[in-house]
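> Have a look at this one before I ask anything.
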Protein chains: 2
Amino acid sequence: MATPDPLDLRILVLLQEDGRRTVADIAGRVALSPTAVKRRIERLEAAGVITGYSARVDYTKLGWGIAAFTELRFTGTTSPGDMDRVAAGIPEVCAVYTTAGNHDVTALIRARSVEHLRDVIHRLRVSGSIVGTRTHVILDAHVKDDWHPELDG
Amino acid sequence: MATPDPLDLRILVLLQEDGRRTVADIAGRVALSPTAVKRRIERLEAAGVITGYSARVDYTKLGWGIAAFTELRFTGTTSPGDMDRVAAGIPEVCAVYTTAGNHDVTALIRARSVEHLRDVIHRLRVSGSIVGTRTHVILDAHVKDDWHPELDG
DNA sequence: TCTGAAAGTCGCCGTTC
DNA sequence: GAACGGCGACTTTCAGA
């Protein structure tokens with residue numbers, strides 16, 4: 001899309017903070033009519049800047065108290081697509097990041113317990129193409145849900 | 001909260017897929033009355049299972065094309081709280097994960113360019129308490145936005 | 001389950017660049 | 001004239017009884 005103007009960015013931040021905000025509410029905060037706000041939101045959605053809306057879920061409240069980053073190293077002949085498929089094929093894997101550096105993929109894993117996590121890592125290791133793993137259990141996470149670049153940077 | 005039943009989980013998944021779904025729409029999909037669905041959602045929110053709603057934003061479309069995991073090692077006397085503060089104090093840091101393994105922190109950083117990323121890492125390194133960094137640029141990311149444990153696990 | 005109130009949606013028109 | 005903002009009528013959704 002044509003570079004979003006400051007008004008678009010303010011609308012974006014408001015929708016990141018609360019994705020269920022009403023158009024009228026946003027209109028009041030940015031001093032625009034609801035119609036104009038609606039049209040801007042539709043433009044942002046059409047341009048792919050807004051890819052969707054989600055409920056934020058606290059998995060610890062559901063008994064999934066363990067989260068970890070597991071770095072995966074694959075055999076030299078494994079294609080990037082296969083790396084993704086192997087990692088994403090495990091249900092407990094929530095996200096797969098292909099990275100540059102000395103390993104190939106970082107997977108965000110959620111599990112019910114450390115035993116469960118160990119089991120997940122084992123399942124990854126026996127999948128065939130993985131030759132090594134390194135796991136960092138997440139003790140504490142601070143995610144800026146409403147992070148937005150233009151705010152300060 | 002009391003362990004959520006399968007209906008709660010289905011509602012959760014629907015709201016993760018699309019946080020703006022109407023109560024009536026969800027009611028139709030889970031074969032419940034809108035009132036009952038509303039009550040369940042309110043219970044999930046009150047219990048902290050649903051922590052909020054967000055627009056999903058594609059930062060690459062906004063000119064922030066670089067994302068990276070940077071692992072930070074701090075001096076032995078740095079408290080976990082200070083680690084969080086130092087990392088989160090940089091605007092380009094989107095998330096801070098305290099991890100076990102090396103009493104480390106992993107930061108998710110977004111930047112406009114590799115030069116910008118280098119600048120961000122430099123700002124982290126001169127902050128005083130950081131003695132080492134290791135950065136993995138993210139080449140490709142697959143996040144399961146609607147990931148939900150009970151679906152298969 | 002139903003009803004009043006509120007929000008969203010759409011077409012049309014004025015203004016600006 | 002193309003793009004954007006505003007106004008008003010119609011439709012859907014929400015909240016309380």
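Labels for the structure tokens follow display order: chains A, B, ..., residues from 1 in each chain, ligands from 1.
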List the neighbours of region 1-13 of chain C out to 9 Å using only C-alpha atoms (C1' of nucleotides); skip same-chain residues closer than 2 positions along the sequence, and give me the result as number ranges by chain.

A: 22-24; D: 6-7, 10-15

> Let's see if you can do this: from backbone DSSP, list all alpha helix (DSSP H) residues in chain A, as a ChimeraX atom specification.

/A:6-17,23-30,34-46,80-88,114-125

> Can I get the selected residues back with N, CA and C atoms, as a compact mmCIF listing (two decimals), in the first residue's frame?


```txt
# COMPACT_ATOMS: atom_id res chain seq x y z
N PRO A 6 0.28 8.95 9.42
CA PRO A 6 0.24 8.87 10.89
C PRO A 6 -1.12 8.45 11.44
N LEU A 7 -2.18 8.82 10.75
CA LEU A 7 -3.52 8.42 11.20
C LEU A 7 -3.69 6.91 11.09
N ASP A 8 -3.23 6.34 9.98
CA ASP A 8 -3.30 4.89 9.83
C ASP A 8 -2.54 4.20 10.96
N LEU A 9 -1.37 4.72 11.30
CA LEU A 9 -0.57 4.10 12.35
C LEU A 9 -1.26 4.18 13.70
N ARG A 10 -1.91 5.31 13.96
CA ARG A 10 -2.62 5.42 15.24
C ARG A 10 -3.77 4.41 15.29
N ILE A 11 -4.46 4.25 14.17
CA ILE A 11 -5.55 3.27 14.12
C ILE A 11 -4.99 1.87 14.33
N LEU A 12 -3.85 1.58 13.71
CA LEU A 12 -3.22 0.27 13.87
C LEU A 12 -2.92 -0.03 15.34
N VAL A 13 -2.32 0.95 16.01
CA VAL A 13 -1.96 0.74 17.41
C VAL A 13 -3.22 0.50 18.24
N LEU A 14 -4.26 1.28 18.00
CA LEU A 14 -5.50 1.10 18.75
C LEU A 14 -6.07 -0.30 18.54
N LEU A 15 -5.97 -0.81 17.31
CA LEU A 15 -6.50 -2.15 17.04
C LEU A 15 -5.59 -3.25 17.57
N GLN A 16 -4.31 -2.95 17.73
CA GLN A 16 -3.42 -3.94 18.34
C GLN A 16 -3.70 -4.03 19.84
N GLU A 17 -3.93 -2.87 20.45
CA GLU A 17 -4.26 -2.86 21.88
C GLU A 17 -5.55 -3.62 22.14
N VAL A 23 -15.57 0.88 15.61
CA VAL A 23 -15.17 1.93 14.68
C VAL A 23 -15.48 3.30 15.28
N ALA A 24 -16.63 3.39 15.97
CA ALA A 24 -17.02 4.67 16.56
C ALA A 24 -16.01 5.10 17.63
N ASP A 25 -15.55 4.16 18.43
CA ASP A 25 -14.57 4.46 19.47
C ASP A 25 -13.28 4.99 18.86
N ILE A 26 -12.80 4.28 17.84
CA ILE A 26 -11.57 4.70 17.17
C ILE A 26 -11.76 6.07 16.55
N ALA A 27 -12.92 6.26 15.93
CA ALA A 27 -13.21 7.54 15.27
C ALA A 27 -13.08 8.69 16.27
N GLY A 28 -13.63 8.46 17.47
CA GLY A 28 -13.53 9.50 18.49
C GLY A 28 -12.10 9.82 18.88
N ARG A 29 -11.25 8.78 18.96
CA ARG A 29 -9.88 8.97 19.42
C ARG A 29 -8.99 9.61 18.36
N VAL A 30 -9.28 9.39 17.10
CA VAL A 30 -8.42 9.97 16.07
C VAL A 30 -9.08 11.17 15.40
N PRO A 34 -16.69 7.88 11.72
CA PRO A 34 -16.65 6.40 11.67
C PRO A 34 -16.48 5.88 10.24
N THR A 35 -17.11 6.51 9.30
CA THR A 35 -17.00 6.07 7.90
C THR A 35 -15.55 6.12 7.43
N ALA A 36 -14.89 7.22 7.71
CA ALA A 36 -13.51 7.37 7.27
C ALA A 36 -12.61 6.32 7.93
N VAL A 37 -12.84 6.10 9.23
CA VAL A 37 -12.04 5.09 9.95
C VAL A 37 -12.25 3.72 9.33
N LYS A 38 -13.53 3.41 9.08
CA LYS A 38 -13.84 2.11 8.49
C LYS A 38 -13.10 1.92 7.18
N ARG A 39 -13.13 2.95 6.35
CA ARG A 39 -12.47 2.84 5.05
C ARG A 39 -10.97 2.63 5.20
N ARG A 40 -10.36 3.33 6.17
CA ARG A 40 -8.92 3.15 6.40
C ARG A 40 -8.61 1.73 6.86
N ILE A 41 -9.45 1.21 7.75
CA ILE A 41 -9.22 -0.16 8.23
C ILE A 41 -9.33 -1.14 7.07
N GLU A 42 -10.33 -0.95 6.24
CA GLU A 42 -10.50 -1.85 5.09
C GLU A 42 -9.29 -1.78 4.16
N ARG A 43 -8.75 -0.57 4.03
CA ARG A 43 -7.57 -0.42 3.18
C ARG A 43 -6.38 -1.18 3.79
N LEU A 44 -6.22 -1.04 5.10
CA LEU A 44 -5.11 -1.73 5.78
C LEU A 44 -5.27 -3.25 5.67
N GLU A 45 -6.51 -3.72 5.74
CA GLU A 45 -6.75 -5.16 5.62
C GLU A 45 -6.46 -5.62 4.19
N ALA A 46 -6.94 -4.85 3.22
CA ALA A 46 -6.75 -5.22 1.82
C ALA A 46 -5.27 -5.23 1.46
N PRO A 80 14.64 -26.46 3.10
CA PRO A 80 13.93 -25.58 4.04
C PRO A 80 12.47 -25.99 4.21
N GLY A 81 11.84 -26.36 3.12
CA GLY A 81 10.43 -26.77 3.21
C GLY A 81 10.26 -27.99 4.09
N ASP A 82 11.17 -28.96 3.96
CA ASP A 82 11.09 -30.15 4.81
C ASP A 82 11.33 -29.80 6.27
N MET A 83 12.25 -28.86 6.51
CA MET A 83 12.50 -28.43 7.90
C MET A 83 11.21 -27.90 8.52
N ASP A 84 10.55 -27.03 7.78
CA ASP A 84 9.29 -26.48 8.26
C ASP A 84 8.28 -27.59 8.53
N ARG A 85 8.18 -28.50 7.57
CA ARG A 85 7.16 -29.54 7.70
C ARG A 85 7.43 -30.45 8.89
N VAL A 86 8.69 -30.83 9.06
CA VAL A 86 9.03 -31.71 10.19
C VAL A 86 8.69 -31.02 11.51
N ALA A 87 9.10 -29.77 11.64
CA ALA A 87 8.87 -29.06 12.91
C ALA A 87 7.38 -28.79 13.12
N ALA A 88 6.73 -28.27 12.09
CA ALA A 88 5.31 -27.91 12.24
C ALA A 88 4.42 -29.13 12.38
N VAL A 114 7.64 -30.71 32.16
CA VAL A 114 8.97 -30.95 31.62
C VAL A 114 9.07 -32.34 30.99
N GLU A 115 8.35 -33.30 31.57
CA GLU A 115 8.36 -34.63 30.98
C GLU A 115 7.74 -34.59 29.58
N HIS A 116 6.67 -33.84 29.49
CA HIS A 116 6.00 -33.68 28.20
C HIS A 116 6.95 -33.00 27.19
N LEU A 117 7.64 -31.98 27.65
CA LEU A 117 8.59 -31.28 26.78
C LEU A 117 9.67 -32.24 26.29
N ARG A 118 10.18 -33.06 27.22
CA ARG A 118 11.20 -34.03 26.86
C ARG A 118 10.67 -34.98 25.78
N ASP A 119 9.42 -35.38 25.93
CA ASP A 119 8.80 -36.27 24.96
C ASP A 119 8.70 -35.60 23.59
N VAL A 120 8.34 -34.31 23.59
CA VAL A 120 8.22 -33.59 22.32
C VAL A 120 9.57 -33.53 21.62
N ILE A 121 10.60 -33.20 22.39
CA ILE A 121 11.94 -33.09 21.80
C ILE A 121 12.38 -34.46 21.26
N HIS A 122 12.03 -35.49 22.00
CA HIS A 122 12.37 -36.84 21.52
C HIS A 122 11.69 -37.12 20.18
N ARG A 123 10.43 -36.74 20.10
CA ARG A 123 9.71 -36.97 18.85
C ARG A 123 10.36 -36.24 17.69
N LEU A 124 10.87 -35.01 17.97
CA LEU A 124 11.57 -34.27 16.92
C LEU A 124 12.84 -35.02 16.51
N ARG A 125 13.57 -35.51 17.50
CA ARG A 125 14.87 -36.13 17.21
C ARG A 125 14.74 -37.42 16.42
```

> Give me, as a Markdown table, the closest atom pair and its distance (Å, one decimal) for every residue of chain B within a cut-off of 6 Å of chain A, counting only C-alpha atoms, rows sorted by chain and rising number.


```
| residue | atom | partner | partner_atom | distance |
| --- | --- | --- | --- | --- |
| B:Leu15 | CA | A:Ala55 | CA | 5.4 |
| B:Gln16 | CA | A:Ser54 | CA | 4.5 |
| B:Glu17 | CA | A:Ser54 | CA | 6.0 |
| B:Asp18 | CA | A:Tyr53 | CA | 5.2 |
| B:Gly19 | CA | A:Ser54 | CA | 4.1 |
| B:Val49 | CA | A:Asp58 | CA | 5.0 |
| B:Ile50 | CA | A:Val57 | CA | 4.7 |
| B:Thr51 | CA | A:Arg56 | CA | 5.4 |
| B:Gly52 | CA | A:Arg56 | CA | 5.2 |
| B:Tyr53 | CA | A:Ala55 | CA | 4.4 |
| B:Ser54 | CA | A:Gly19 | CA | 4.1 |
| B:Ala55 | CA | A:Tyr53 | CA | 4.4 |
| B:Arg56 | CA | A:Gly52 | CA | 5.1 |
| B:Val57 | CA | A:Ile50 | CA | 4.7 |
| B:Asp58 | CA | A:Val49 | CA | 5.0 |
| B:Lys61 | CA | A:Val49 | CA | 5.7 |
| B:Cys94 | CA | A:Lys144 | CA | 5.5 |
| B:Ala95 | CA | A:Val143 | CA | 4.2 |
| B:Val96 | CA | A:His142 | CA | 5.1 |
| B:Tyr97 | CA | A:Ala141 | CA | 4.5 |
| B:Thr98 | CA | A:Asp140 | CA | 5.0 |
| B:Thr99 | CA | A:Ile138 | CA | 4.4 |
| B:Ala100 | CA | A:Val137 | CA | 5.3 |
| B:Gly101 | CA | A:His136 | CA | 5.8 |
| B:His136 | CA | A:Gly101 | CA | 5.6 |
| B:Val137 | CA | A:Ala100 | CA | 5.4 |
| B:Ile138 | CA | A:Thr99 | CA | 4.4 |
| B:Leu139 | CA | A:Thr99 | CA | 5.2 |
| B:Asp140 | CA | A:Thr98 | CA | 5.0 |
| B:Ala141 | CA | A:Tyr97 | CA | 4.4 |
| B:His142 | CA | A:Val96 | CA | 5.1 |
| B:Val143 | CA | A:Ala95 | CA | 4.2 |
| B:Lys144 | CA | A:Cys94 | CA | 5.5 |
```

> Store the residues picked out above in a file with N, CA and C atoms, as a CSV table (one decimal), in the first residue's frame.


```
chain,number,residue,atom,x,y,z
B,15,LEU,N,-12.2,-17.9,18.5
B,15,LEU,CA,-11.8,-16.6,18.7
B,15,LEU,C,-10.4,-16.3,18.4
B,16,GLN,N,-9.5,-17.3,18.5
B,16,GLN,CA,-8.2,-17.2,18.1
B,16,GLN,C,-8.1,-17.0,16.6
B,17,GLU,N,-8.9,-17.8,15.8
B,17,GLU,CA,-8.9,-17.7,14.4
B,17,GLU,C,-9.4,-16.3,14.0
B,18,ASP,N,-10.4,-15.8,14.6
B,18,ASP,CA,-11.0,-14.5,14.3
B,18,ASP,C,-11.6,-13.9,15.5
B,19,GLY,N,-10.8,-13.0,16.1
B,19,GLY,CA,-11.2,-12.3,17.4
B,19,GLY,C,-12.4,-11.4,17.3
B,49,VAL,N,-8.0,-16.5,31.0
B,49,VAL,CA,-7.6,-17.4,29.9
B,49,VAL,C,-7.5,-16.6,28.6
B,50,ILE,N,-8.5,-15.8,28.3
B,50,ILE,CA,-8.5,-14.8,27.3
B,50,ILE,C,-8.0,-13.5,27.9
B,51,THR,N,-6.8,-13.0,27.5
B,51,THR,CA,-6.2,-11.8,28.1
B,51,THR,C,-6.5,-10.6,27.3
B,52,GLY,N,-7.1,-10.7,26.1
B,52,GLY,CA,-7.4,-9.6,25.3
B,52,GLY,C,-7.6,-10.0,23.8
B,53,TYR,N,-7.7,-9.0,23.0
B,53,TYR,CA,-7.9,-9.2,21.6
B,53,TYR,C,-7.0,-8.2,20.8
B,54,SER,N,-6.4,-8.7,19.7
B,54,SER,CA,-5.4,-7.9,19.0
B,54,SER,C,-5.6,-8.1,17.5
B,55,ALA,N,-5.3,-7.0,16.8
B,55,ALA,CA,-5.1,-7.1,15.3
B,55,ALA,C,-3.8,-7.7,15.1
B,56,ARG,N,-3.7,-8.6,14.1
B,56,ARG,CA,-2.4,-9.2,13.7
B,56,ARG,C,-1.8,-8.3,12.6
B,57,VAL,N,-0.6,-7.9,12.8
B,57,VAL,CA,0.0,-6.9,11.9
B,57,VAL,C,1.2,-7.5,11.2
B,58,ASP,N,1.3,-7.3,9.9
B,58,ASP,CA,2.4,-7.8,9.1
B,58,ASP,C,3.4,-6.6,9.0
B,61,LYS,N,5.1,-5.3,5.8
B,61,LYS,CA,4.3,-4.4,4.9
B,61,LYS,C,4.5,-3.0,5.3
B,94,CYS,N,10.6,-6.3,20.6
B,94,CYS,CA,9.2,-6.6,20.6
B,94,CYS,C,8.8,-7.5,21.7
B,95,ALA,N,9.7,-8.4,22.2
B,95,ALA,CA,9.4,-9.4,23.2
B,95,ALA,C,10.7,-9.7,23.9
B,96,VAL,N,10.6,-10.0,25.2
B,96,VAL,CA,11.8,-10.4,26.0
B,96,VAL,C,11.4,-11.7,26.7
B,97,TYR,N,12.3,-12.7,26.5
B,97,TYR,CA,12.1,-14.0,27.1
B,97,TYR,C,13.2,-14.3,28.0
B,98,THR,N,13.0,-14.5,29.3
B,98,THR,CA,14.0,-15.0,30.2
B,98,THR,C,14.1,-16.5,30.1
B,99,THR,N,15.3,-17.0,29.8
B,99,THR,CA,15.3,-18.4,29.5
B,99,THR,C,16.3,-19.1,30.5
B,100,ALA,N,16.1,-20.4,30.8
B,100,ALA,CA,17.0,-21.2,31.5
B,100,ALA,C,18.0,-21.7,30.6
B,101,GLY,N,19.2,-22.1,31.1
B,101,GLY,CA,20.2,-22.6,30.2
B,101,GLY,C,21.5,-21.8,30.6
B,136,HIS,N,20.4,-14.3,15.7
B,136,HIS,CA,19.9,-15.2,14.6
B,136,HIS,C,18.9,-14.4,13.8
B,137,VAL,N,19.2,-14.0,12.7
B,137,VAL,CA,18.2,-13.3,11.8
B,137,VAL,C,17.1,-14.3,11.4
B,138,ILE,N,15.9,-14.0,11.5
B,138,ILE,CA,14.8,-14.8,11.1
B,138,ILE,C,14.5,-14.7,9.6
B,139,LEU,N,14.7,-15.8,8.9
B,139,LEU,CA,14.5,-15.8,7.4
B,139,LEU,C,13.1,-16.1,7.0
B,140,ASP,N,12.4,-16.8,7.9
B,140,ASP,CA,11.0,-17.2,7.5
B,140,ASP,C,10.4,-17.6,8.8
B,141,ALA,N,9.1,-17.2,9.0
B,141,ALA,CA,8.4,-17.6,10.2
B,141,ALA,C,7.0,-18.2,9.9
B,142,HIS,N,6.7,-19.2,10.6
B,142,HIS,CA,5.4,-19.8,10.5
B,142,HIS,C,4.8,-19.9,11.9
B,143,VAL,N,3.9,-19.0,12.2
B,143,VAL,CA,3.3,-18.9,13.5
B,143,VAL,C,1.9,-19.5,13.4
B,144,LYS,N,1.6,-20.5,14.3
B,144,LYS,CA,0.2,-21.0,14.3
B,144,LYS,C,-0.7,-20.1,15.2
```

> Looking at only C-alpha atoms (C1' of nucleotides), which of A:Ser129, A:Asp5, A:Gly76, A:Ser33 is the one that sits closest to chain D?

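The answer is A:Ser33, which sits nearest to chain D.
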
> What does the structure give for the distance between CA of Thr75 (chain A) and CA of Val126 (chain A), in Å to one decimal?

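The value is 12.8 Å.
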
> Any chance you could list, as a ChimeraX atom specification, the residues in chain A that come up strand (DSSP E) when DSSP is run on the backbone?

/A:50-57,66-74,93-99,105-111,130-143

> Residues of the last selection are to be written out with C-alpha atoms, as an mmCIF file, in the first residue's frame.


```
data_model
loop_
_atom_site.group_PDB
_atom_site.id
_atom_site.type_symbol
_atom_site.label_atom_id
_atom_site.label_comp_id
_atom_site.auth_asym_id
_atom_site.auth_seq_id
_atom_site.Cartn_x
_atom_site.Cartn_y
_atom_site.Cartn_z
ATOM 1 C CA ILE A 50 -3.685 -6.172 9.106
ATOM 2 C CA THR A 51 -3.707 -9.933 8.548
ATOM 3 C CA GLY A 52 -6.498 -10.724 10.960
ATOM 4 C CA TYR A 53 -7.744 -10.487 14.515
ATOM 5 C CA SER A 54 -7.069 -12.865 17.393
ATOM 6 C CA ALA A 55 -7.971 -13.515 20.978
ATOM 7 C CA ARG A 56 -4.842 -13.501 23.143
ATOM 8 C CA VAL A 57 -4.751 -16.701 25.173
ATOM 9 C CA ILE A 66 5.974 -24.959 29.909
ATOM 10 C CA ALA A 67 7.186 -23.029 26.906
ATOM 11 C CA ALA A 68 10.593 -23.368 25.292
ATOM 12 C CA PHE A 69 12.656 -22.368 22.311
ATOM 13 C CA THR A 70 14.245 -25.402 20.744
ATOM 14 C CA GLU A 71 16.934 -24.858 18.147
ATOM 15 C CA LEU A 72 17.045 -27.601 15.533
ATOM 16 C CA ARG A 73 19.944 -28.598 13.306
ATOM 17 C CA PHE A 74 19.109 -30.657 10.230
ATOM 18 C CA VAL A 93 5.093 -26.725 18.094
ATOM 19 C CA CYS A 94 3.419 -23.298 18.048
ATOM 20 C CA ALA A 95 5.806 -21.474 15.762
ATOM 21 C CA VAL A 96 8.664 -22.327 13.427
ATOM 22 C CA TYR A 97 11.360 -19.781 12.632
ATOM 23 C CA THR A 98 13.933 -20.460 9.946
ATOM 24 C CA THR A 99 17.052 -18.616 11.021
ATOM 25 C CA VAL A 105 15.295 -23.639 12.771
ATOM 26 C CA THR A 106 14.033 -22.363 16.092
ATOM 27 C CA ALA A 107 10.742 -23.846 17.254
ATOM 28 C CA LEU A 108 8.487 -22.425 19.933
ATOM 29 C CA ILE A 109 7.150 -25.403 21.853
ATOM 30 C CA ARG A 110 4.428 -25.551 24.491
ATOM 31 C CA ALA A 111 4.020 -28.501 26.834
ATOM 32 C CA ILE A 130 17.291 -33.676 12.735
ATOM 33 C CA VAL A 131 20.866 -34.172 13.916
ATOM 34 C CA GLY A 132 20.870 -31.958 16.995
ATOM 35 C CA THR A 133 18.711 -29.857 19.298
ATOM 36 C CA ARG A 134 19.317 -27.233 21.949
ATOM 37 C CA THR A 135 16.456 -26.184 24.194
ATOM 38 C CA HIS A 136 15.947 -23.060 26.293
ATOM 39 C CA VAL A 137 13.027 -23.248 28.664
ATOM 40 C CA ILE A 138 11.242 -19.902 28.930
ATOM 41 C CA LEU A 139 11.032 -18.777 32.551
ATOM 42 C CA ASP A 140 9.341 -15.465 31.925
ATOM 43 C CA ALA A 141 7.983 -13.690 28.865
ATOM 44 C CA HIS A 142 7.207 -10.051 28.226
ATOM 45 C CA VAL A 143 5.552 -9.596 24.865
#
```

> Rounded to one decimal, what separation in Å do you get between C1' of DT15 (chain C) and C1' of DG8 (chain D)?

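Separation of C1' of DT15 (chain C) and C1' of DG8 (chain D): 18.3 Å.
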